[in-house]
$ cat entry_24.cif   # mmCIF, C-alpha atoms
data_coords
loop_
_atom_site.label_atom_id
_atom_site.label_comp_id
_atom_site.auth_asym_id
_atom_site.auth_seq_id
_atom_site.Cartn_x
_atom_site.Cartn_y
_atom_site.Cartn_z
CA MET I 1 0.00 0.00 0.00
CA VAL I 2 2.89 2.33 0.83
CA THR I 3 4.35 1.84 -2.66
CA VAL I 4 1.00 2.52 -4.32
CA ASP I 5 0.57 5.56 -2.11
CA GLY I 6 4.00 6.86 -3.03
CA SER I 7 3.37 6.22 -6.74
CA ALA I 8 0.08 8.13 -6.59
CA ILE I 9 1.76 11.13 -4.98
CA GLY I 10 4.73 10.91 -7.39
CA LEU I 11 2.41 10.71 -10.41
CA GLY I 12 0.39 13.70 -9.19
CA LEU I 13 3.52 15.76 -8.62
CA ALA I 14 4.96 14.90 -12.03
CA LEU I 15 1.71 15.81 -13.79
CA GLN I 16 1.45 19.07 -11.86
CA ALA I 17 5.01 19.97 -12.83
CA LEU I 18 4.27 19.19 -16.49
CA LEU I 19 1.09 21.29 -16.49
CA LEU I 20 2.80 24.15 -14.70
CA TRP I 21 5.63 24.12 -17.21
CA GLN I 22 3.14 24.08 -20.09
CA CYS I 23 1.12 26.94 -18.57
CA LEU I 24 4.27 29.05 -18.29
CA LYS I 25 5.32 28.19 -21.84
CA VAL I 26 1.93 28.89 -23.45
CA GLY I 27 1.17 31.93 -21.27
CA HIS I 28 -1.87 30.55 -19.47
CA TRP I 29 -0.80 32.39 -16.32
CA ARG I 30 -1.76 35.63 -18.13
CA ASN I 31 -5.02 34.33 -19.59
CA TYR I 32 -6.23 32.32 -16.59
CA PRO I 33 -4.67 33.92 -13.47
CA LEU I 34 -7.08 32.36 -10.95
CA PHE I 35 -6.62 28.92 -12.45
CA PHE I 36 -2.86 29.41 -12.46
CA SER I 37 -2.95 30.48 -8.78
CA TYR I 38 -4.70 27.21 -7.90
CA LEU I 39 -2.12 25.27 -9.85
CA VAL I 40 0.85 26.98 -8.18
CA TYR I 41 -0.71 26.62 -4.74
CA THR I 42 -1.44 22.89 -5.10
CA PHE I 43 2.03 22.28 -6.56
CA LEU I 44 3.78 24.01 -3.65
CA ARG I 45 1.45 22.31 -1.19
CA THR I 46 2.22 18.86 -2.62
CA ILE I 47 5.99 19.52 -2.38
CA ALA I 48 5.61 20.67 1.25
CA LEU I 49 3.50 17.61 2.09
CA VAL I 50 6.01 15.24 0.48
CA ILE I 51 8.79 16.78 2.60
CA PHE I 52 6.79 16.61 5.85
CA ARG I 53 5.71 13.09 5.06
CA GLY I 54 9.27 12.00 4.27
CA LEU I 55 10.48 13.46 7.56
CA LYS I 56 7.59 11.71 9.37
CA HIS I 57 6.90 15.06 11.03
CA PRO I 58 4.13 14.93 13.69
CA ALA I 59 2.57 18.14 12.27
CA TYR I 60 1.90 16.44 8.91
CA PRO I 61 -1.87 15.78 9.40
CA LEU I 62 -2.42 19.29 10.72
CA ILE I 63 -0.54 20.86 7.80
CA TYR I 64 -2.36 18.58 5.35
CA TRP I 65 -5.84 19.71 6.43
CA ASP I 66 -5.00 23.35 7.16
CA THR I 67 -3.44 23.90 3.75
CA ASN I 68 -6.36 22.06 2.18
CA VAL I 69 -8.63 24.95 3.20
CA GLY I 70 -6.62 27.26 0.89
CA ALA I 71 -7.02 24.77 -1.98
CA ILE I 72 -10.76 24.61 -1.33
CA LEU I 73 -11.05 28.40 -1.54
CA LEU I 74 -9.01 28.50 -4.74
CA ARG I 75 -11.36 25.94 -6.33
CA PHE I 76 -14.05 28.62 -6.20
CA GLY I 77 -11.54 30.84 -7.99
CA VAL I 78 -11.27 28.24 -10.78
CA ALA I 79 -15.09 28.15 -10.99
CA PHE I 80 -15.09 31.95 -11.28
CA GLU I 81 -12.42 31.72 -13.98
CA VAL I 82 -14.70 29.39 -15.96
CA PHE I 83 -17.62 31.77 -15.46
CA ARG I 84 -15.83 34.90 -16.66
CA HIS I 85 -14.52 33.14 -19.76
CA ILE I 86 -17.88 31.68 -20.78
CA PHE I 87 -20.10 34.69 -20.08
CA VAL I 88 -19.29 38.34 -20.68
CA ARG I 89 -20.04 39.88 -17.31
CA GLU I 90 -21.82 43.03 -18.51
CA SER I 91 -23.94 41.20 -21.10
CA ALA I 92 -27.57 40.21 -20.56
CA LEU I 93 -26.59 36.55 -20.53
CA GLY I 94 -23.76 37.22 -18.09
CA LYS I 95 -26.21 38.81 -15.67
CA ILE I 96 -28.63 35.88 -16.00
CA ALA I 97 -25.84 33.35 -15.44
CA GLY I 98 -24.55 35.39 -12.49
CA ARG I 99 -27.97 35.32 -10.86
CA ALA I 100 -28.27 31.57 -11.46
CA VAL I 101 -24.90 31.00 -9.76
CA VAL I 102 -25.87 33.24 -6.82
CA LEU I 103 -29.15 31.31 -6.53
CA VAL I 104 -27.24 28.02 -6.41
CA LEU I 105 -24.93 29.39 -3.72
CA VAL I 106 -27.86 30.69 -1.64
CA VAL I 107 -29.67 27.34 -1.89
CA PHE I 108 -26.54 25.47 -0.84
CA ALA I 109 -25.79 27.90 1.99
CA ALA I 110 -29.32 27.39 3.34
CA ALA I 111 -29.15 23.61 2.92
CA PHE I 112 -25.72 23.38 4.58
CA PHE I 113 -26.89 25.57 7.43
CA LEU I 114 -29.77 23.15 8.04
CA LEU I 115 -27.46 20.14 7.78
CA SER I 116 -24.73 21.73 9.91
CA ASN I 117 -25.08 19.28 12.79
CA GLN I 118 -24.49 16.19 10.69
CA PRO I 119 -22.09 13.52 11.92
CA GLY I 120 -18.48 13.27 10.81
CA THR I 121 -15.28 15.20 11.23
CA PHE I 122 -14.94 18.89 10.33
CA PHE I 123 -12.53 18.71 7.38
CA PRO I 124 -14.17 15.88 5.42
CA ASP I 125 -17.47 17.70 5.94
CA LEU I 126 -15.98 20.94 4.59
CA GLU I 127 -14.50 19.04 1.63
CA ARG I 128 -17.88 17.44 0.82
CA LYS I 129 -19.92 20.62 1.04
CA SER I 130 -17.50 22.88 -0.75
CA GLY I 131 -16.98 20.22 -3.42
CA LEU I 132 -20.72 19.97 -3.98
CA ALA I 133 -21.03 23.77 -4.20
CA VAL I 134 -18.18 24.05 -6.73
CA VAL I 135 -19.38 21.16 -8.86
CA SER I 136 -22.93 22.56 -8.88
CA ILE I 137 -21.73 25.99 -10.01
CA LEU I 138 -19.69 24.38 -12.79
CA ALA I 139 -22.62 22.19 -13.83
CA VAL I 140 -24.99 25.19 -13.92
CA MET I 141 -22.54 27.13 -16.08
CA LEU I 142 -21.97 24.25 -18.52
CA VAL I 143 -25.71 23.56 -18.77
CA MET I 144 -26.47 27.26 -19.34
CA ALA I 145 -23.78 27.50 -22.00
CA ARG I 146 -25.32 24.51 -23.74
CA TYR I 147 -28.87 25.84 -23.29
CA TYR I 148 -28.03 29.23 -24.84
CA SER I 149 -25.59 27.77 -27.41
CA VAL I 150 -22.74 29.84 -26.00
CA PRO I 151 -19.49 28.62 -27.53
CA VAL I 152 -16.92 27.50 -24.95
CA SER I 153 -13.23 27.22 -25.75
CA LEU I 154 -11.50 23.89 -25.24
CA ASN I 155 -9.29 25.39 -22.50
CA VAL I 156 -12.25 26.53 -20.40
CA TRP I 157 -14.32 23.42 -21.11
CA GLY I 158 -11.45 21.16 -20.00
CA MET I 159 -10.91 23.29 -16.91
CA ALA I 160 -14.60 22.95 -15.95
CA VAL I 161 -14.95 19.23 -16.70
CA GLY I 162 -11.66 18.33 -14.98
CA MET I 163 -12.52 20.26 -11.83
CA GLY I 164 -16.12 19.00 -11.91
CA LEU I 165 -15.03 15.38 -12.11
CA PHE I 166 -12.47 15.80 -9.32
CA CYS I 167 -14.94 17.56 -7.00
CA SER I 168 -17.68 14.97 -7.73
CA ILE I 169 -15.32 12.13 -6.81
CA SER I 170 -14.33 14.12 -3.74
CA VAL I 171 -17.98 14.48 -2.61
CA ALA I 172 -18.66 10.73 -2.99
CA ASN I 173 -15.29 9.79 -1.52
CA PHE I 174 -15.52 11.92 1.63
CA ALA I 175 -19.07 10.74 2.26
CA THR I 176 -17.86 7.13 2.06
CA PHE I 177 -14.95 8.00 4.32
CA ASP I 178 -17.27 9.16 7.11
CA LEU I 179 -19.66 6.25 6.53
CA ILE I 180 -17.02 3.52 6.57
CA ARG I 181 -13.98 4.62 8.54
CA SER I 182 -12.09 1.44 7.70
CA SER I 183 -11.97 2.58 4.06
CA PHE I 184 -9.33 5.25 4.92
CA PRO I 185 -6.39 3.67 3.00
CA PHE I 186 -8.60 3.21 -0.06
CA TRP I 187 -10.02 6.75 0.26
CA ARG I 188 -6.51 8.21 0.28
CA LEU I 189 -5.69 6.46 -3.00
CA VAL I 190 -8.95 7.49 -4.70
CA SER I 191 -8.28 11.07 -3.67
CA ALA I 192 -4.74 11.05 -5.06
CA PHE I 193 -5.64 9.28 -8.31
CA SER I 194 -8.68 11.50 -8.98
CA PHE I 195 -6.38 14.51 -8.60
CA SER I 196 -4.02 12.94 -11.16
CA ALA I 197 -6.98 12.31 -13.50
CA MET I 198 -7.91 16.01 -13.24
CA MET I 199 -4.32 16.94 -14.08
CA LEU I 200 -4.37 14.66 -17.15
CA ILE I 201 -7.60 16.27 -18.40
CA TRP I 202 -6.15 19.71 -17.86
CA ILE I 203 -2.88 18.83 -19.63
CA TRP I 204 -4.88 17.59 -22.63
CA ALA I 205 -7.29 20.55 -22.72
CA LEU I 206 -4.75 23.27 -21.97
CA TRP I 207 -1.87 22.05 -24.12
CA CYS I 208 -2.38 24.97 -26.53
CA TYR I 209 -4.05 28.32 -25.97
CA VAL I 210 -7.53 28.46 -27.50
CA PRO I 211 -8.95 32.00 -27.29
CA ASP I 212 -12.53 32.54 -26.14
CA PRO I 213 -15.00 32.94 -29.02
CA GLN I 214 -16.21 36.49 -29.53
CA PRO I 215 -19.66 37.23 -28.05
CA LYS I 216 -22.44 37.73 -30.59
CA VAL I 217 -24.09 41.10 -30.94
CA LEU I 218 -27.20 42.07 -32.85
CA ARG I 219 -28.03 45.47 -34.33
CA GLU I 220 -30.43 47.24 -31.94
CA SER I 221 -33.26 47.66 -34.47
CA LEU I 222 -32.97 44.07 -35.64
CA ALA I 223 -32.94 42.88 -32.03
CA GLN I 224 -36.14 44.80 -31.23
CA ASP I 225 -37.87 43.50 -34.37
CA ALA I 226 -36.88 39.94 -33.57
CA LEU I 227 -38.05 40.25 -29.96
CA ALA I 228 -41.38 41.76 -30.99
CA MET I 229 -41.88 38.97 -33.51
CA TRP I 230 -41.09 36.36 -30.89
CA LYS I 231 -43.51 37.92 -28.39
CA ARG I 232 -46.33 37.94 -30.95
CA SER I 233 -45.89 34.26 -31.75
CA TRP I 234 -45.37 33.26 -28.12
CA ASP I 235 -48.50 35.07 -26.95
CA HIS I 236 -50.55 33.30 -29.61
CA PHE I 237 -49.45 29.85 -28.60
CA ARG I 238 -51.60 29.00 -25.61
CA PRO I 239 -54.81 30.73 -26.77
CA ASN I 240 -54.46 28.80 -30.02
CA ILE I 241 -54.46 25.43 -28.27
CA ARG I 242 -57.24 26.47 -25.87
CA ARG I 243 -59.46 27.66 -28.70
CA ALA I 244 -58.85 24.49 -30.68
CA ILE I 245 -59.82 22.09 -27.90
CA GLY I 246 -62.74 24.29 -26.86
CA LEU I 247 -61.52 25.46 -23.45
CA MET M 1 -26.15 8.93 8.36
CA THR M 2 -28.90 9.66 5.84
CA GLU M 3 -27.16 12.88 4.81
CA LEU M 4 -23.88 11.05 4.24
CA ILE M 5 -25.65 8.47 2.07
CA LEU M 6 -27.30 11.34 0.18
CA PHE M 7 -23.93 13.05 -0.34
CA GLY M 8 -22.46 9.75 -1.54
CA PHE M 9 -25.33 9.22 -3.96
CA ILE M 10 -25.20 12.79 -5.34
CA GLY M 11 -21.43 12.48 -5.70
CA ILE M 12 -21.74 9.26 -7.73
CA VAL M 13 -24.46 10.79 -9.96
CA LEU M 14 -22.23 13.82 -10.60
CA VAL M 15 -19.23 11.58 -11.36
CA VAL M 16 -21.34 9.76 -13.97
CA LEU M 17 -22.60 13.04 -15.50
CA PHE M 18 -19.14 14.60 -15.76
CA SER M 19 -17.71 11.33 -17.14
CA VAL M 20 -20.42 11.36 -19.82
CA ALA M 21 -19.58 15.01 -20.60
CA LEU M 22 -15.93 14.03 -20.89
CA LEU M 23 -16.71 11.06 -23.15
CA ILE M 24 -19.02 13.09 -25.41
CA GLY M 25 -16.23 15.61 -25.70
CA HIS M 26 -15.99 19.28 -26.41
CA SER M 27 -18.59 20.47 -28.92
CA HIS M 28 -17.25 22.56 -31.81
CA GLN M 29 -20.42 22.87 -33.83
CA LEU M 30 -22.00 25.36 -31.45
CA GLU M 31 -19.78 28.13 -32.74
CA GLU M 32 -21.15 28.02 -36.24
CA ALA M 33 -24.60 26.69 -35.48
CA GLU M 34 -26.54 29.92 -35.25
CA THR M 35 -26.21 32.63 -37.84
CA THR M 36 -28.11 35.87 -38.04
CA ALA M 37 -29.92 34.67 -41.14
CA ARG M 38 -31.50 31.87 -39.13
CA LEU M 39 -33.08 34.37 -36.79
CA PHE M 40 -35.94 34.74 -39.22
CA GLU M 41 -36.50 31.03 -39.62
CA ILE M 42 -39.14 31.65 -36.96
CA VAL M 43 -41.41 33.22 -39.58
CA SER M 44 -42.46 29.75 -40.67
CA LEU M 45 -44.65 28.47 -37.86
CA PRO M 46 -47.04 26.15 -39.69
CA GLY M 47 -48.82 24.93 -36.58
CA LEU M 48 -49.61 28.39 -35.31
CA ARG M 49 -50.50 29.67 -38.78
CA PHE M 50 -53.29 27.11 -39.14
CA LYS M 51 -56.37 29.09 -38.11
CA ASN M 52 -59.06 26.42 -38.30
CA ALA M 53 -57.71 24.05 -35.70
CA ALA M 54 -61.02 24.14 -33.80
CA THR M 55 -62.76 22.37 -36.72
CA LEU M 56 -60.38 19.43 -36.29
CA PHE M 57 -61.81 18.78 -32.82
CA ASP M 58 -65.41 19.47 -33.82
CA ASN M 59 -67.34 16.19 -33.89
CA SER M 60 -70.70 17.42 -35.24
CA ASP M 61 -70.22 15.93 -38.74
CA TYR M 62 -69.04 12.66 -37.19
CA GLN M 63 -72.14 12.51 -34.96
CA ILE M 64 -74.47 13.13 -37.93
CA LEU M 65 -72.85 10.33 -39.93
CA ARG M 66 -72.80 7.94 -36.99
CA ARG M 67 -76.53 8.26 -36.45
CA GLU M 68 -77.18 6.86 -39.93
CA THR M 69 -76.59 3.10 -40.11
CA ALA M 70 -75.57 3.33 -43.77
CA PHE M 71 -72.83 5.87 -43.00
CA LYS M 72 -71.32 4.17 -39.96
CA SER M 73 -68.23 3.02 -41.84
CA VAL M 74 -67.81 6.50 -43.34
CA ALA M 75 -68.00 7.92 -39.80
CA TRP M 76 -65.32 5.48 -38.70
CA HIS M 77 -63.04 6.54 -41.58
CA LEU M 78 -63.71 10.20 -40.80
CA ARG M 79 -62.72 9.68 -37.19
CA HIS M 80 -59.62 7.77 -38.24
CA ASP M 81 -58.53 10.50 -40.71
CA ARG M 82 -59.34 13.27 -38.25
CA ARG M 83 -57.14 11.62 -35.65
CA LYS M 84 -54.25 11.60 -38.12
CA LEU M 85 -54.82 15.29 -38.85
CA VAL M 86 -55.01 16.22 -35.18
CA LEU M 87 -51.80 14.33 -34.45
CA LEU M 88 -50.12 16.05 -37.38
CA TRP M 89 -51.27 19.45 -36.12
CA LEU M 90 -50.06 18.66 -32.60
CA ARG M 91 -46.71 17.58 -34.03
CA LEU M 92 -46.45 20.87 -35.92
CA LEU M 93 -47.35 22.79 -32.78
CA ARG M 94 -44.63 20.97 -30.87
CA LYS M 95 -42.15 21.89 -33.59
CA ASP M 96 -43.31 25.51 -33.42
CA LEU M 97 -42.94 25.56 -29.66
CA LEU M 98 -39.42 24.17 -29.89
CA SER M 99 -38.56 26.72 -32.58
CA LEU M 100 -39.92 29.56 -30.47
CA TRP M 101 -38.01 28.35 -27.44
CA ARG M 102 -34.79 27.99 -29.40
CA PHE M 103 -35.34 31.40 -30.95
CA ARG M 104 -35.75 32.94 -27.53
CA ARG M 105 -32.51 31.34 -26.32
CA MET M 106 -30.76 32.57 -29.41
CA LEU M 107 -32.02 36.12 -28.77
CA ALA M 108 -30.67 35.91 -25.22
CA ASN M 109 -27.35 34.76 -26.62
CA TYR M 110 -27.35 37.84 -28.87
CA GLY M 111 -27.87 40.02 -25.81
CA VAL M 112 -31.63 40.56 -26.12
CA SER M 113 -33.15 39.51 -22.83
CA ALA M 114 -35.35 40.94 -20.08
CA GLY M 115 -33.57 39.14 -17.26
CA PHE M 116 -33.38 36.04 -15.14
CA ALA M 117 -37.03 35.92 -14.02
CA GLU M 118 -38.38 36.17 -17.55
CA GLU M 119 -35.95 33.59 -18.88
CA LEU M 120 -36.99 31.23 -16.11
CA GLN M 121 -40.66 31.87 -16.86
CA VAL M 122 -40.12 31.19 -20.57
CA ALA M 123 -38.32 27.93 -19.79
CA ILE M 124 -41.07 26.79 -17.40
CA THR M 125 -43.82 27.75 -19.87
CA ALA M 126 -42.04 25.95 -22.70
CA ILE M 127 -41.62 22.78 -20.63
CA ALA M 128 -45.26 22.97 -19.50
CA GLY M 129 -46.33 23.46 -23.12
CA LEU M 130 -44.35 20.44 -24.26
CA VAL M 131 -45.86 18.31 -21.48
CA LEU M 132 -49.37 19.53 -22.40
CA LEU M 133 -48.85 18.72 -26.08
CA SER M 134 -47.49 15.27 -25.22
CA CYS M 135 -50.52 14.59 -23.00
CA LEU M 136 -52.85 15.73 -25.77
CA ARG M 137 -51.11 13.45 -28.25
CA VAL M 138 -51.45 10.48 -25.89
CA ILE M 139 -55.17 11.21 -25.29
CA VAL M 140 -55.86 11.64 -29.02
CA THR M 141 -53.93 8.47 -29.90
CA ILE M 142 -55.72 6.37 -27.30
CA ALA M 143 -59.22 7.85 -27.18
CA GLY M 144 -59.55 9.50 -30.58
CA PRO M 145 -59.76 13.11 -31.74
CA PHE M 146 -63.17 13.87 -30.26
CA ALA M 147 -62.70 12.42 -26.78
CA LEU M 148 -61.10 15.54 -25.40
CA THR M 149 -63.79 17.85 -26.73
CA GLY M 150 -66.45 15.45 -25.46
CA LEU M 151 -64.86 15.34 -22.03
CA LEU M 152 -64.57 19.11 -21.83
CA ARG M 153 -68.09 19.54 -23.13
CA SER M 154 -69.55 17.16 -20.53
CA ALA M 155 -67.51 18.84 -17.77
CA ARG M 156 -68.80 22.20 -18.88
CA ALA M 157 -72.37 20.80 -19.02
CA ASP M 158 -71.99 19.50 -15.45
CA VAL M 159 -70.82 22.88 -14.19
CA GLU M 160 -73.58 24.67 -16.07
CA GLY M 161 -76.15 22.23 -14.69
CA LEU M 162 -74.91 22.82 -11.16
CA SER M 163 -75.01 26.56 -11.72
CA ARG M 164 -78.59 26.36 -13.00
CA SER M 165 -79.72 24.32 -9.99
CA CYS M 166 -78.10 26.87 -7.64
CA ALA M 167 -79.83 29.69 -9.46
CA PHE M 168 -83.13 27.82 -9.18
CA LEU M 169 -82.62 27.37 -5.43
CA LEU M 170 -81.68 31.02 -5.00
CA GLY M 171 -84.80 32.00 -6.91
CA ARG M 172 -86.86 30.36 -4.19
CA VAL M 173 -85.13 32.36 -1.45
CA PRO M 174 -86.77 35.74 -0.66
CA GLU M 175 -84.65 38.68 -1.83
CA THR M 176 -84.49 40.03 1.72
CA ARG M 177 -82.36 37.06 2.77
CA TRP M 178 -79.81 37.37 -0.09
CA SER M 179 -77.54 39.70 1.86
CA GLU M 180 -77.59 37.24 4.78
CA ILE M 181 -76.60 34.38 2.46
CA GLN M 182 -73.83 36.51 0.91
CA HIS M 183 -72.52 37.32 4.38
CA ALA M 184 -72.50 33.62 5.38
CA TRP M 185 -70.72 32.72 2.12
CA ASN M 186 -68.03 35.37 2.65
CA ALA M 187 -67.51 34.17 6.23
CA GLY M 188 -67.15 30.62 4.95
CA GLN M 189 -64.62 31.70 2.31
CA SER M 190 -62.44 33.52 4.86
#

$ encode --input "entry_24.cif" --output "C-alpha cells"
Amino acid sequence: MVTVDGSAIGLGLALQALLLWQCLKVGHWRNYPLFFSYLVYTFLRTIALVIFRGLKHPAYPLIYWDTNVGAILLRFGVAFEVFRHIFVRESALGKIAGRAVVLVLVVFAAAFFLLSNQPGTFFPDLERKSGLAVVSILAVMLVMARYYSVPVSLNVWGMAVGMGLFCSISVANFATFDLIRSSFPFWRLVSAFSFSAMMLIWIWALWCYVPDPQPKVLRESLAQDALAMWKRSWDHFRPNIRRAIGL
Amino acid sequence: MTELILFGFIGIVLVVLFSVALLIGHSHQLEEAETTARLFEIVSLPGLRFKNAATLFDNSDYQILRRETAFKSVAWHLRHDRRKLVLLWLRLLRKDLLSLWRFRRMLANYGVSAGFAEELQVAITAIAGLVLLSCLRVIVTIAGPFALTGLLRSARADVEGLSRSCAFLLGRVPETRWSEIQHAWNAGQS
C-alpha cells in the first residue's frame, strides 16, 4: 500500500510539474490567473506535504488539512475563472448566469446551514460541502452555456470538466470515508488518483491556448424587431391550443 | 447517516454526469450553429398559422354520420382520418414551440433579454407546453380526436347544470335574505 501511495503522490507531482511548465510556456498564467494560482498553490502544497511526510513530522496531518482549506477556496476561484470566460459579465446573458450562480450558492448555503449538525469530522465535511457547491456551479454554467448555445473554448471546457469530475469524486469519496472509517487507505488512493486524473484532463485541454469565441451582438433595431416577432408568436401559442380544444 | 448516504449518492451521480460530458467531448459545432440569417427562420410556424384548428376537434359531422346506419363506416373513416390530422397538427405545434423556445434562447445569446425571471418563466412555460402537447397526443392516440372535446363539453355541461340548480334554489329564497346568504358565504370563504 505504501508503494502505491507513493506512486500516486509521485504521479500527481509529475503531472502538476508538467502542467505548470506548459502553462508558463503557453502563457496561461496571463489568460487564466485564478486557475494558475490554484495550480501553483497545489504544486507548492504537494511539495511541502512530500517533505513533511518524508520526515515523518508529527505536524503532517495538521498541515495537510489546514493547507487544504486554501485549496478549497481556490477551487471557487477556478469556478469563477470558468464563469468569466464563458459569459461576458456586462452582457444580458452574463447577468442571467450570475444570478443563477448566486441562486445556487444561496440554496446550498441554506441547505448546509440546516445540515450543519451532521455527523463526521470537520474537514471531510468541509471538503464534501464545498466540493458539492463548486461542482454545482460548474454544472450550472456548462448547462447554461449549452442551453443558450454559448461557444466555450477547449481550455475553459477542460478546466470545468476536470474540476467537476475531481470535485464529484471528492464528494462521494468523503461521504464514504465518514460512513465507513475502515476505508481510509482506499479513500486516500482514490483522492490522489482522482487529482491525477484532473491533471491529465487539464494537460490535454490546456496544451495549446484556445482563445474565447467572440460574443455575438445584434443590431439594436434588428434585435427589437426579432423580440417583438417572438412575443407575438409566443403570446398566440396557448390561446391557439385552448381555442382548438374548446376550453 | 442519511445525509452522508445522500452526499455519496449525489457524488456518484455527478461523477457519472461529468464522465459522460468528458466522453461526449468538447462540442465545436456550437460556434457556427446559429447565424443571423437563421433568426428569421421563426417566420415559418405552420402549426400556429393554421387558423381552423377548432374544426379538427369538432365532432358534429361525425355525430351526424354515426346516427345513420348506412354511413357508420364513413363515420369510422372520418374519425380515423381526423385523428391523423389532429396528431399532425399537434406535431407541428410541438415543432413551433421548440422553434420559439430555441429562438428565444438565441435572442438571449445575442444580448436581447429581459432578465433572469423572464428567462426562467419562458423555460417553465415551454416545458409545461411540451408536457401539455405530449398529454394531448397520448389522449388523441388512445381515445380518438373527439374524446377531449367530449370530455370538456360534458364537464362544462356538469358545471352549467350545477349553476342552473343553484340559481333555481336562489330563486326560491326571498330577496331580503340574499344579503344574509352573501354574508355567510363570505364568512365561509375567509

$ residues_near_point --input "entry_24.cif" --point "(-15.9, 20.1, -26.6)" --cutoff "8 Å" --atoms "only C-alpha atoms" --output "list in words"
Val152, Ser153, Leu154 and Trp157 of chain I; Ile24, Gly25, His26, Ser27 and His28 of chain M

$ resolve_selection --input "entry_24.cif" --expression "the PyMOL selection byres ((chain M and resi 52-63) around 10)" --output "ChimeraX atom specification"
/I:240-246 /M:47-51,64-68,71-72,74-79,82-83,85-86,89-90,144-150

$ atom_distance --input "entry_24.cif" --atom1 "atom CA of M:Ala126" --atom2 "atom CA of I:Ser149"
17.2 Å

$ atom_distance --input "entry_24.cif" --atom1 "atom CA of I:Gly98" --atom2 "atom CA of M:Phe116"
9.2 Å

$ residues_near_point --input "entry_24.cif" --point "(-50.1, 17.9, -24.3)" --cutoff "12 Å" --atoms "all atoms listed in the file" --output "list of chain:residue names"
I:Arg238, I:Ile241, I:Arg242, I:Ile245, M:Leu87, M:Trp89, M:Leu90, M:Arg91, M:Leu93, M:Arg94, M:Leu97, M:Ala126, M:Ile127, M:Ala128, M:Gly129, M:Leu130, M:Val131, M:Leu132, M:Leu133, M:Ser134, M:Cys135, M:Leu136, M:Arg137, M:Val138, M:Ile139, M:Val140, M:Thr141, M:Leu148

$ closest_residue --input "entry_24.cif" --among "M:Ile124, M:Met106, M:Leu92, M:Leu98" --to "chain I" --atoms "only C-alpha atoms"
M:Met106

$ closest_residue --input "entry_24.cif" --among "I:Ile96, I:Val156, I:Ile137, I:Ala110" --to "I:Phe76" --atoms "only C-alpha atoms"
I:Ile137

$ interface_residues --input "entry_24.cif" --of "chain M" --to "chain I" --cutoff "8 Å" --atoms "all atoms listed in the file" --output "PyMOL selection string"
chain M and resi 1+3-5+7-12+14-15+18-19+21-22+26+28+30-31+39-40+42+48+52-57+97+100+103-116+148-149+152

$ atom_distance --input "entry_24.cif" --atom1 "atom CA of I:Gly12" --atom2 "atom CA of I:Ile180"
25.6 Å

$ residues_around --input "entry_24.cif" --residues "stretch 37-49 of chain I" --least-positions-apart "5" --cutoff "10 Å" --atoms "only C-alpha atoms" --output "PyMOL selection string"
chain I and resi 9-10+12-17+19-20+23+29+32+54-55+57+60-61+63-64+67-68+70-78+199

$ closest_residue --input "entry_24.cif" --among "I:Phe108, I:Trp202, I:Phe52, I:Trp65" --to "I:Phe36" --atoms "all atoms listed in the file"
I:Trp202

$ resolve_selection --input "entry_24.cif" --expression "the PyMOL selection byres ((chain I and resi 6) around 12)" --output "PDB file with C-alpha atoms, keeping the file's coordinate frame"
ATOM      1  CA  MET I   1       0.000   0.000   0.000  1.00  0.00           C
ATOM      2  CA  VAL I   2       2.890   2.330   0.830  1.00  0.00           C
ATOM      3  CA  THR I   3       4.350   1.840  -2.660  1.00  0.00           C
ATOM      4  CA  VAL I   4       1.000   2.520  -4.320  1.00  0.00           C
ATOM      5  CA  ASP I   5       0.570   5.560  -2.110  1.00  0.00           C
ATOM      6  CA  SER I   7       3.370   6.220  -6.740  1.00  0.00           C
ATOM      7  CA  ALA I   8       0.080   8.130  -6.590  1.00  0.00           C
ATOM      8  CA  ILE I   9       1.760  11.130  -4.980  1.00  0.00           C
ATOM      9  CA  GLY I  10       4.730  10.910  -7.390  1.00  0.00           C
ATOM     10  CA  LEU I  11       2.410  10.710 -10.410  1.00  0.00           C
ATOM     11  CA  GLY I  12       0.390  13.700  -9.190  1.00  0.00           C
ATOM     12  CA  LEU I  13       3.520  15.760  -8.620  1.00  0.00           C
ATOM     13  CA  LEU I  49       3.500  17.610   2.090  1.00  0.00           C
ATOM     14  CA  VAL I  50       6.010  15.240   0.480  1.00  0.00           C
ATOM     15  CA  ARG I  53       5.710  13.090   5.060  1.00  0.00           C
ATOM     16  CA  GLY I  54       9.270  12.000   4.270  1.00  0.00           C
ATOM     17  CA  ARG I 188      -6.510   8.210   0.280  1.00  0.00           C
ATOM     18  CA  LEU I 189      -5.690   6.460  -3.000  1.00  0.00           C
ATOM     19  CA  ALA I 192      -4.740  11.050  -5.060  1.00  0.00           C
ATOM     20  CA  PHE I 193      -5.640   9.280  -8.310  1.00  0.00           C
TER      21      PHE I 193
END
